[in-house]
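Below is protein.tsv, holding TSV, C-alpha atoms.
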chain	number	residue	atom	x	y	z
A	1	VAL	CA	113.67	-39.91	186.95
A	2	SER	CA	111.51	-37.94	184.52
A	3	VAL	CA	112.16	-34.68	186.36
A	4	PHE	CA	115.91	-35.39	186.34
A	5	LEU	CA	115.82	-36.10	182.60
A	6	LEU	CA	113.92	-32.89	181.84
A	7	VAL	CA	116.20	-30.72	183.99
A	8	SER	CA	119.31	-32.41	182.62
A	9	PHE	CA	118.17	-32.01	179.01
A	10	TRP	CA	117.48	-28.33	179.64
A	11	GLY	CA	120.95	-27.95	181.18
A	12	GLU	CA	122.65	-29.75	178.31
A	13	MET	CA	121.03	-27.42	175.77
A	14	THR	CA	122.22	-24.32	177.62
A	15	LEU	CA	125.54	-23.17	179.04
A	16	LEU	CA	124.42	-23.79	182.62
A	17	PHE	CA	125.63	-27.33	183.31
A	18	HIS	CA	126.58	-30.41	181.33
A	19	TRP	CA	125.96	-33.56	183.35
A	20	LEU	CA	125.42	-35.89	180.44
A	21	ARG	CA	128.38	-34.51	178.49
A	22	GLN	CA	130.65	-35.81	181.23
A	23	LEU	CA	129.32	-39.33	180.58
A	24	LEU	CA	128.87	-39.37	176.81
A	25	PRO	CA	131.81	-39.34	174.37
A	26	SER	CA	132.82	-35.92	173.07
A	27	ARG	CA	132.63	-35.01	169.39
A	28	GLU	CA	134.80	-32.33	167.83
A	29	THR	CA	133.32	-29.45	165.92
A	30	ALA	CA	134.88	-26.63	163.91
A	31	ASN	CA	134.14	-23.28	162.36
A	32	LEU	CA	135.37	-22.86	158.77
A	33	GLU	CA	136.09	-19.34	157.56
A	34	ALA	CA	137.19	-17.88	154.23
A	35	THR	CA	138.05	-14.17	153.99
A	36	TYR	CA	138.09	-12.20	150.74
A	37	GLU	CA	139.40	-8.62	150.62
A	38	THR	CA	139.92	-6.03	147.91
A	39	GLU	CA	143.42	-6.05	146.49
A	40	GLY	CA	145.44	-2.83	146.50
A	41	GLU	CA	145.47	0.01	148.98
A	42	PRO	CA	144.11	-0.87	152.44
A	43	GLN	CA	141.10	1.09	153.56
A	44	ALA	CA	141.40	3.79	156.18
A	45	PRO	CA	140.35	2.58	159.66
A	46	GLY	CA	136.59	2.72	160.05
A	47	LYS	CA	136.00	3.04	156.29
A	48	GLU	CA	136.08	-0.63	155.29
A	49	LYS	CA	132.84	-2.55	154.96
A	50	LEU	CA	132.68	-6.04	156.37
A	51	PHE	CA	130.08	-8.63	155.39
A	52	ILE	CA	129.84	-11.96	157.20
A	53	ILE	CA	127.75	-14.58	155.43
A	54	CYS	CA	127.05	-17.58	157.63
A	55	ALA	CA	125.59	-21.09	157.43
A	56	HIS	CA	126.05	-24.03	159.78
A	57	HIS	CA	127.63	-27.27	158.64
A	58	ASP	CA	126.83	-29.81	161.35
A	59	SER	CA	127.04	-33.47	160.57
A	60	PRO	CA	123.67	-35.02	161.39
A	61	LYS	CA	123.49	-37.50	164.22
A	62	THR	CA	122.76	-41.14	163.67
A	63	GLY	CA	121.04	-43.61	165.94
A	64	TRP	CA	117.50	-44.76	166.56
A	65	LEU	CA	116.19	-41.19	166.97
A	66	TYR	CA	117.30	-40.43	163.40
A	67	ASP	CA	116.39	-43.77	161.81
A	68	GLU	CA	113.89	-42.81	159.11
A	69	LYS	CA	111.89	-46.02	159.56
A	70	LEU	CA	111.41	-45.23	163.24
A	71	SER	CA	111.44	-41.44	163.47
A	72	ASP	CA	109.61	-40.40	160.28
A	73	PRO	CA	106.22	-41.93	161.21
A	74	VAL	CA	106.47	-40.38	164.69
A	75	ALA	CA	107.51	-37.01	163.23
A	76	LEU	CA	104.55	-37.05	160.83
A	77	LEU	CA	102.18	-37.92	163.67
A	78	LEU	CA	103.58	-35.11	165.83
A	79	ALA	CA	103.37	-32.61	162.96
A	80	LYS	CA	99.63	-33.27	162.62
A	81	SER	CA	99.02	-32.87	166.36
A	82	PRO	CA	98.11	-29.57	168.04
A	83	PRO	CA	100.54	-27.89	170.47
A	84	PRO	CA	102.03	-28.93	172.85
A	85	PHE	CA	101.65	-32.51	171.55
A	86	ASN	CA	103.70	-31.67	168.44
A	87	ARG	CA	106.83	-30.80	170.43
A	88	PHE	CA	109.75	-33.20	170.77
A	89	PHE	CA	109.88	-32.76	174.55
A	90	PHE	CA	106.22	-33.70	175.03
A	91	LEU	CA	106.83	-37.38	175.87
A	92	PRO	CA	109.05	-36.83	178.95
A	93	PHE	CA	106.93	-33.83	179.96
A	94	PHE	CA	103.83	-36.02	179.74
A	95	ALA	CA	105.50	-38.63	181.97
A	96	VAL	CA	106.19	-36.00	184.66
A	97	LEU	CA	102.66	-34.61	184.38
A	98	LEU	CA	101.11	-38.06	184.54
A	99	LEU	CA	103.17	-39.02	187.58
A	100	GLY	CA	102.22	-35.75	189.31
A	101	VAL	CA	98.51	-36.41	188.76
A	102	GLY	CA	98.98	-39.95	190.12
A	103	VAL	CA	100.71	-38.66	193.27
A	104	VAL	CA	97.97	-36.09	193.91
A	105	LEU	CA	95.25	-38.73	193.49
A	106	ARG	CA	97.13	-41.08	195.83
A	107	VAL	CA	97.46	-38.39	198.52
A	108	LEU	CA	93.76	-37.58	198.20
A	109	GLY	CA	92.90	-41.28	198.39
A	110	VAL	CA	91.01	-41.19	195.09
A	111	PHE	CA	91.37	-44.08	192.61
A	112	PRO	CA	93.91	-46.03	194.72
A	113	GLY	CA	95.01	-48.35	191.90
A	114	PHE	CA	95.49	-45.48	189.44
A	115	TYR	CA	98.81	-44.41	190.97
A	116	GLU	CA	100.43	-47.79	190.34
A	117	ILE	CA	99.35	-47.78	186.70
A	118	VAL	CA	100.52	-44.20	186.22
A	119	ALA	CA	103.86	-44.95	187.93
A	120	TYR	CA	104.54	-47.86	185.57
A	121	VAL	CA	103.61	-45.85	182.48
A	122	ALA	CA	105.67	-42.80	183.54
A	123	SER	CA	108.65	-45.00	184.45
A	124	GLY	CA	108.43	-46.74	181.08
A	125	ILE	CA	108.39	-43.42	179.23
A	126	SER	CA	111.36	-42.18	181.29
A	127	VAL	CA	113.40	-45.33	180.63
A	128	LEU	CA	112.58	-45.20	176.91
A	129	THR	CA	113.61	-41.53	176.75
A	130	ALA	CA	116.86	-42.24	178.61
A	131	VAL	CA	117.73	-45.17	176.32
A	132	LEU	CA	117.02	-43.16	173.14
A	133	VAL	CA	119.04	-40.14	174.30
A	134	PHE	CA	121.96	-42.29	175.46
A	135	GLN	CA	122.01	-44.33	172.24
A	136	TRP	CA	121.87	-41.09	170.23
A	137	GLY	CA	124.77	-39.67	172.24
A	138	ILE	CA	127.08	-42.64	171.65
A	139	SER	CA	126.28	-42.91	167.92
A	140	ALA	CA	128.89	-41.41	165.61
A	141	PRO	CA	127.79	-38.57	163.30
A	142	SER	CA	127.18	-39.35	159.65
A	143	ALA	CA	130.51	-39.02	157.89
A	144	GLY	CA	130.71	-36.27	155.29
A	145	ALA	CA	127.07	-35.23	155.55
A	146	ASN	CA	125.58	-32.04	156.94
A	147	ASP	CA	122.11	-30.91	157.92
A	148	ASN	CA	122.28	-27.54	156.20
A	149	GLY	CA	123.43	-28.66	152.76
A	150	SER	CA	121.69	-25.82	150.92
A	151	GLY	CA	123.34	-23.15	153.09
A	152	VAL	CA	126.80	-24.70	152.74
A	153	LEU	CA	126.37	-25.02	148.96
A	154	VAL	CA	125.50	-21.31	148.77
A	155	LEU	CA	128.67	-20.50	150.76
A	156	MET	CA	130.75	-22.64	148.41
A	157	GLU	CA	129.27	-20.94	145.36
A	158	LEU	CA	129.90	-17.50	146.89
A	159	ALA	CA	133.49	-18.54	147.61
A	160	ARG	CA	133.92	-19.51	143.96
A	161	ARG	CA	132.49	-16.19	142.75
A	162	PHE	CA	134.41	-14.00	145.21
A	163	ARG	CA	137.69	-15.75	144.42
A	164	GLY	CA	138.19	-13.70	141.29
A	165	SER	CA	136.89	-10.32	142.37
A	166	VAL	CA	135.65	-8.55	145.46
A	167	PRO	CA	134.00	-5.10	145.18
A	168	PRO	CA	136.33	-2.24	146.21
A	169	GLY	CA	136.40	-1.36	149.90
A	170	LEU	CA	134.74	-4.60	150.87
A	171	SER	CA	135.85	-7.44	153.08
A	172	VAL	CA	133.75	-10.62	152.89
A	173	ARG	CA	133.90	-13.48	155.36
A	174	LEU	CA	132.19	-16.74	154.50
A	175	LEU	CA	131.62	-18.63	157.70
A	176	ALA	CA	130.40	-22.20	158.21
A	177	THR	CA	129.80	-22.82	161.90
A	178	GLY	CA	129.54	-26.04	163.87
A	179	ALA	CA	127.77	-27.03	167.10
A	180	GLU	CA	124.41	-25.57	166.05
A	181	GLU	CA	122.40	-28.17	167.97
A	182	VAL	CA	124.11	-27.36	171.26
A	183	TRP	CA	122.76	-23.84	171.64
A	184	PHE	CA	124.61	-22.34	168.64
A	185	LEU	CA	128.00	-22.67	170.34
A	186	GLY	CA	129.87	-22.39	167.04
A	187	ILE	CA	128.65	-18.89	166.23
A	188	ILE	CA	128.77	-17.81	169.89
A	189	ILE	CA	132.44	-18.80	170.16
A	190	TYR	CA	133.19	-17.11	166.82
A	191	LEU	CA	131.58	-13.84	167.92
A	192	ASN	CA	133.42	-13.92	171.25
A	193	THR	CA	136.89	-14.35	169.69

Is it possible to give me this structure as structure tokens?
Amino acid sequence: VSVFLLVSFWGEMTLLFHWLRQLLPSRETANLEATYETEGEPQAPGKEKLFIICAHHDSPKTGWLYDEKLSDPVALLLAKSPPPFNRFFFLPFFAVLLLGVGVVLRVLGVFPGFYEIVAYVASGISVLTAVLVFQWGISAPSAGANDNGSGVLVLMELARRFRGSVPPGLSVRLLATGAEEVWFLGIIIYLNT
């Protein structure tokens, strides 16, 4: 189970396969773009200058993983720990590692009761991880909030300033992208269109 969860999580965070996305409800995302160009004569082809200023505007997830009473103490504990213990994927990785050590010891016939203990602990970690990820996936995003507020505020201020005047020969695009947590799909799709 732990191996499946690790492989599946890796697949979900890449463009390789999306097993869990077939089971969990889909959420819409969007890229928001504002373009400002110099008024008057258009520039000759190849002479215009284009600036793209980007920030992401994802709504943060809710659920037990993002509950400050639950996640903040764990996050502080992880932050004080040395690598790899301070990584978010350490718990399921530890379950797989622990189970592997238990299997090796069982095959070698060393510490016969150790395997059963390890199997229960690893299974418990795997079930806890699965429950947390599933509950996170079915929780609706926080309405109207975003996890890069400072970047979006800078974009809004730039939009206000560029509204009145853009330097000659310049085209400015202010871009707020979505889907940052799922392997930067917002900016990837924007660059590919």

Requested in this report: Kindly indicate which residue among A:Tyr190, A:Phe93, A:Tyr36, A:Phe184 lies nearest to Asp58 of chain A, using all atoms listed in the file for the distances.
Outcome: A:Phe184

Query raised in the report: Within 10 Å of Ala34 of chain A, counting all atoms listed in the file, which residues qualify if same-chain residues fewer than 2 places away don't, as number ranges by chain?
Result: A: 32, 36, 52, 155-156, 159, 172-176

Requested in this report: Fewer than 4 positions away in the same chain doesn't count, so skip those; otherwise give me all residues within 7 Å of segment 118-120 of chain A, counting all atoms listed in the file, as a ChimeraX atom specification.
Outcome: /A:98-99,102,114,124

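Here atom CA of His56 of chain A stands at a distance of 16.6 Å from atom CA of Thr35 of chain A.
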
Requested in this report: Rank A:Arg160, A:His57, A:Lys69, A:Lys80 by their smallest atom-to-atom distance to Ala179 of chain A, using all atoms listed in the file, and report the top residue only.
Outcome: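 The shortest atom-to-atom distance to Ala179 of chain A comes from A:His57.
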
Query raised in the report: In Å, how far is it from atom CA of Gln135 of chain A to atom CA of Val121 of chain A?
Result: 21.1 Å

Report task. One decimal, Å: what's the distance from atom CA of Asp147 of chain A over to atom CA of Ile53 of chain A, could you say? Result ->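 So the two atoms, atom CA of Asp147 of chain A and atom CA of Ile53 of chain A, lie 17.5 Å apart.
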
Query raised in the report: Between A:Asn86, A:Leu132, A:Pro168, A:Leu158, which is the closest to Leu70 of chain A once you count all atoms listed in the file?
Result: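 Answer, going by the shortest atom-to-atom distance: A:Leu132.
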
Query raised in the report: Which residue gives the smallest distance to Lys49 of chain A among A:Val104, A:Leu170, A:Leu185, A:Ile125, with all atoms listed in the file counted?
Result: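 Among A:Val104, A:Leu170, A:Leu185, A:Ile125, it is A:Leu170 that comes nearest to Lys49 of chain A.
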
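Residue nearest Asp67 of chain A, chosen from A:Leu105, A:Leu153, A:Ser139, A:Pro167 and counting only C-alpha atoms: A:Ser139.
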
Excluding same-chain residues fewer than 5 positions from Gly186 of chain A, what lies within 7 Å of it counting all atoms listed in the file, as a short mmCIF file (atom, residue, chain, number, x, y, z; two decimals) with C-alpha atoms, in the frame of the given file?
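Final output, out_17.cif:
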data_model
loop_
_atom_site.label_atom_id
_atom_site.label_comp_id
_atom_site.auth_asym_id
_atom_site.auth_seq_id
_atom_site.Cartn_x
_atom_site.Cartn_y
_atom_site.Cartn_z
CA ASN A 31 134.14 -23.28 162.36
CA THR A 177 129.80 -22.82 161.90
CA GLY A 178 129.54 -26.04 163.87
CA ALA A 179 127.77 -27.03 167.10
CA GLU A 180 124.41 -25.57 166.05
#

As lines of an AutoDock Vina configuration file, please report the centre and edge lengths, rounded to one decimal in Å, of the axis-aligned box that holds all listed atoms of segment 73-79 of chain A with 6 Å of padding on each of the six sides.
center_x = 104.8
center_y = -37.3
center_z = 163.3
size_x = 17.3
size_y = 21.3
size_z = 17.0

Requested in this report: Counting only C-alpha atoms, figure out which residue out of A:Ile188, A:Leu50, A:Ala95, A:Val74 gets nearest to Leu128 of chain A.
Outcome: A:Ala95
